[in-house]
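A.B. asks: Supplied in structure tokens, the structure appears directly below.
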Amino acid sequence: MNASKPARLLLPLFGLLVACGDSEAPDVDSAAATGTTTGTDSANDEGTFNPDHGDPADPIEPTGGDDESSGSESGGDTDTPAGCVPPPLLLLSDIPDNPSLAYADDPDIVATFEVDGHDLIGKHVTDVAAAEGGLRLWQEVMLRIPENQLLDLVQLDISLDTDPVAYFNRNGNVTTTRLGLKIGFSVENFELNQDDPCAPLEPRRGTFDWSLVHEFGHLRGLVDGSWFLFLDTFPDVQGPGDGYPEDGSPILTGDFVTSYAERDDGDEDYAESWTTYVMLPASDIPALTGDDPLALQKVHWMDDQPDLRELREAIRITEADHVEVNVPAAPRLDTSIFDPDDGGNDSIVVPAELVGQWRESPTDGIAVTFAADDIILADYEAGAEVSSFSLGDALEAKALNYFEIHGGSPTLAYSYIEAPDTDRYNHDFFLQDDGDTVIFAREVLIAATGELEYLPEVTLTRVP
Ligand SMILES: [Zn+2]
């Protein structure tokens with residue numbers, strides 16, 4: 001039977017819309033709380049974190065080191081490197097109007113730009129001041145993020161809504177005709193931003209610098225798969241988020257780098273760990289010793305991912321220790337998965353490693369059957385199936401709007417919506433290294449409130 005009973009079974013994706021608000025000030029306490037998880041063994045312990053000097057096989061030449069004519073003399077860390085030249089501030093009047101970029105149903109989004117690399121090639125603006133503020137933010141994006149890292153970003157929003165203060169969308173919710181990814185910033189960032197794009201990074205939450213690096217981190221982690229690898233590597237657990245510095249500075253002494261990383265799910269843990277990796281000078285990041293806090297392991301883990309060391313260096317163009325680097329182009333996303341004409345997906349292709357049946361328990365709870373081209377979720381009580389749902393049916397009904405598989409230890413994610421204005425369900429499956437365990441993560445985006453609701457993760461084991 002195929003009664004759709006999503007209220008219980010079918011929830012969420014991760015990162016449908018990854019909102020990164022979090023304006024709460026954590027309590028002051030130097031100890032990171034909630035340290036109950038054990039470290040994974042996947043973070044290597046080379047202990048050679050030294051991004052300033054790059055890969056020995058690919059020497060990086062320092063830049064601007066002997067010409068400090070432009071910097072202030074107020075201390076090495078605050079000197080602007082001679083290599084930092086702000087990109088030109090784009091003029092609103094130079095960007096063609098494109099009314100089709102408008103959101104019909106969200107008056108808070110007062111400026112929408114179509115992005116093409118560093119260029120903004122179209123706009124729809126209902127608040128000129130906000131749009132011009134957005135261009136100042138974009139100036140710093142251009143400064144820090146190489147164009148070859150932004151090729152799947154198609155849209156930039158500026159929103160009056162200050163919660164979240166910034167967001168990343170990875171499920172194709174854009175108004176551009178080109179398919180791709182979206183980043184949005186609230187107007188609150190205008191206050192959080194430093195006037196000079198070449199001002200040094202402010203390595204703490206609550207700054208525009210932090211939001212920029214964080215949201216871009218979601219994007220980069222999506223296109224290169226490191227986001228999913230991180231979730232396969234570190235425990236995806238949450239805690240109260242107490243005991244972090246009140247000013248939002250990250251710490252490396254517990255399981256998480258920030259309160260937000262602890263309080264939210266693994267997606268935000270990834271983005272916050274990435275942001276900490278970029279923001280902190282290498283001198284503030286201890287070497288690994290083999291018995292290290294998870295937070296420190298996470299930051300070092302970032303340094304081990306392909307090209308992220310170079311990317312970090314590029315973003316740190318404003319820092320006194322910056323060295324010039326070439327950053328290889330980011331992998332490209334298969335954006336055809338966002339095609340709205342067919343509900344987002346043409347087919348369901350399940351990785352062979354997942355094919356079979358997986359159960360929460362022999363008698364109760366969730367059972368998932370992966371076929372080569374379908375996924376069937378069922379709910380059991382006392383050994384009897386009480387509901388089931390076929391993703392293949394959702395595909396036929398054009399309700400499957402997002403489906404993707406990531407390699408390595410396969411991670412499979414999809415989202416679907418039954419009808420316009422109904423809740424959207426997002427599911428993620430993470431195959432564990434043993435090959436016989438899958439972590440099933442679920443979210444639902446409640447249509448009536450716009451709130452994301454997380455359900456407890458479920459561990460499924462393979463039915464022999
Ligand atoms: Zn985030």
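Residues in the structure tokens are numbered from 1 in each chain, the chains being A, B, ... in the order shown, and ligands are numbered from 1 in the order shown.
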Which chains and residue numbers are within 12 Å of ligand 1, counting only C-alpha atoms and all ligand atoms, if I want them as a PyMOL selection string?
C.D. replies: chain A and resi 14-22+164-170+183-185+205+210-219+221-222+227+260-261+263-275
A.B. asks: Can you work out the spacing between CA of Ala330 in chain A and CA of Leu150 in chain A in Å, to one decimal?
C.D. replies: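 So the two atoms, CA of Ala330 in chain A and CA of Leu150 in chain A, lie 7.9 Å apart.
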A.B. asks: Using only C-alpha atoms, pick whichever of A:Arg204, A:Pro146, A:His300, A:Val327 has the shortest atom-to-atom distance to Leu288 in chain A.
C.D. replies: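 Of all the options, A:His300 lies closest to Leu288 in chain A.
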A.B. asks: Which value, in Å to one decimal, gives the distance between CA of Leu181 in chain A and CA of Asp152 in chain A?
C.D. replies: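 Atom-to-atom, CA of Leu181 in chain A and CA of Asp152 in chain A are spaced 6.0 Å apart.
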A.B. asks: Can you check which residues of range 290-402 of chain A DSSP gives as strand (DSSP E) on the backbone and send them as a ChimeraX atom specification?
C.D. replies: /A:356-359,365-370,375-381,384-390,400-402
A.B. asks: Would you put the residues from that selection into a file with C-alpha atoms, as a short mmCIF file (atom, residue, chain, number, x, y, z; two decimals), in the first residue's frame?
C.D. replies:
```cif
data_model
loop_
_atom_site.label_atom_id
_atom_site.label_comp_id
_atom_site.auth_asym_id
_atom_site.auth_seq_id
_atom_site.Cartn_x
_atom_site.Cartn_y
_atom_site.Cartn_z
CA GLY A 356 18.11 -4.17 0.45
CA GLN A 357 15.97 -3.72 3.51
CA TRP A 358 16.97 -1.81 6.60
CA ARG A 359 15.11 -1.78 9.89
CA GLY A 365 9.62 1.69 13.97
CA ILE A 366 10.92 2.51 10.55
CA ALA A 367 11.80 0.11 7.78
CA VAL A 368 13.41 1.32 4.59
CA THR A 369 13.59 -0.76 1.45
CA PHE A 370 16.05 0.42 -1.15
CA ILE A 375 12.90 3.84 -1.90
CA ILE A 376 10.02 2.64 0.21
CA LEU A 377 9.60 3.79 3.76
CA ALA A 378 7.32 1.89 6.08
CA ASP A 379 6.28 2.22 9.67
CA TYR A 380 5.81 -0.85 11.82
CA GLU A 381 4.02 -1.46 15.07
CA ALA A 384 2.66 -5.06 11.41
CA GLU A 385 3.12 -2.44 8.74
CA VAL A 386 0.94 0.54 9.51
CA SER A 387 1.93 2.86 6.69
CA SER A 388 4.27 3.04 3.77
CA PHE A 389 5.42 5.51 1.20
CA SER A 390 7.09 5.02 -2.15
CA LEU A 400 10.27 14.67 -5.67
CA ASN A 401 12.13 17.88 -6.17
CA TYR A 402 15.58 17.00 -5.06
#
```
A.B. asks: Select from range 85-195 of chain A every residue with an atom at most 9 Å from any atom of range 308-319 of chain A, then for each give the shortest pair of atoms and their distance in Å to one decimal, using only C-alpha atoms, rows by chain and rising number, as JSON lines.
C.D. replies:
```
{"residue": "A:Leu143", "atom": "CA", "partner": "A:Ile315", "partner_atom": "CA", "distance": 7.9}
{"residue": "A:Arg144", "atom": "CA", "partner": "A:Ile315", "partner_atom": "CA", "distance": 4.4}
{"residue": "A:Ile145", "atom": "CA", "partner": "A:Ile315", "partner_atom": "CA", "distance": 6.0}
{"residue": "A:Pro146", "atom": "CA", "partner": "A:Ala314", "partner_atom": "CA", "distance": 7.4}
{"residue": "A:Gln149", "atom": "CA", "partner": "A:Leu311", "partner_atom": "CA", "distance": 8.8}
```
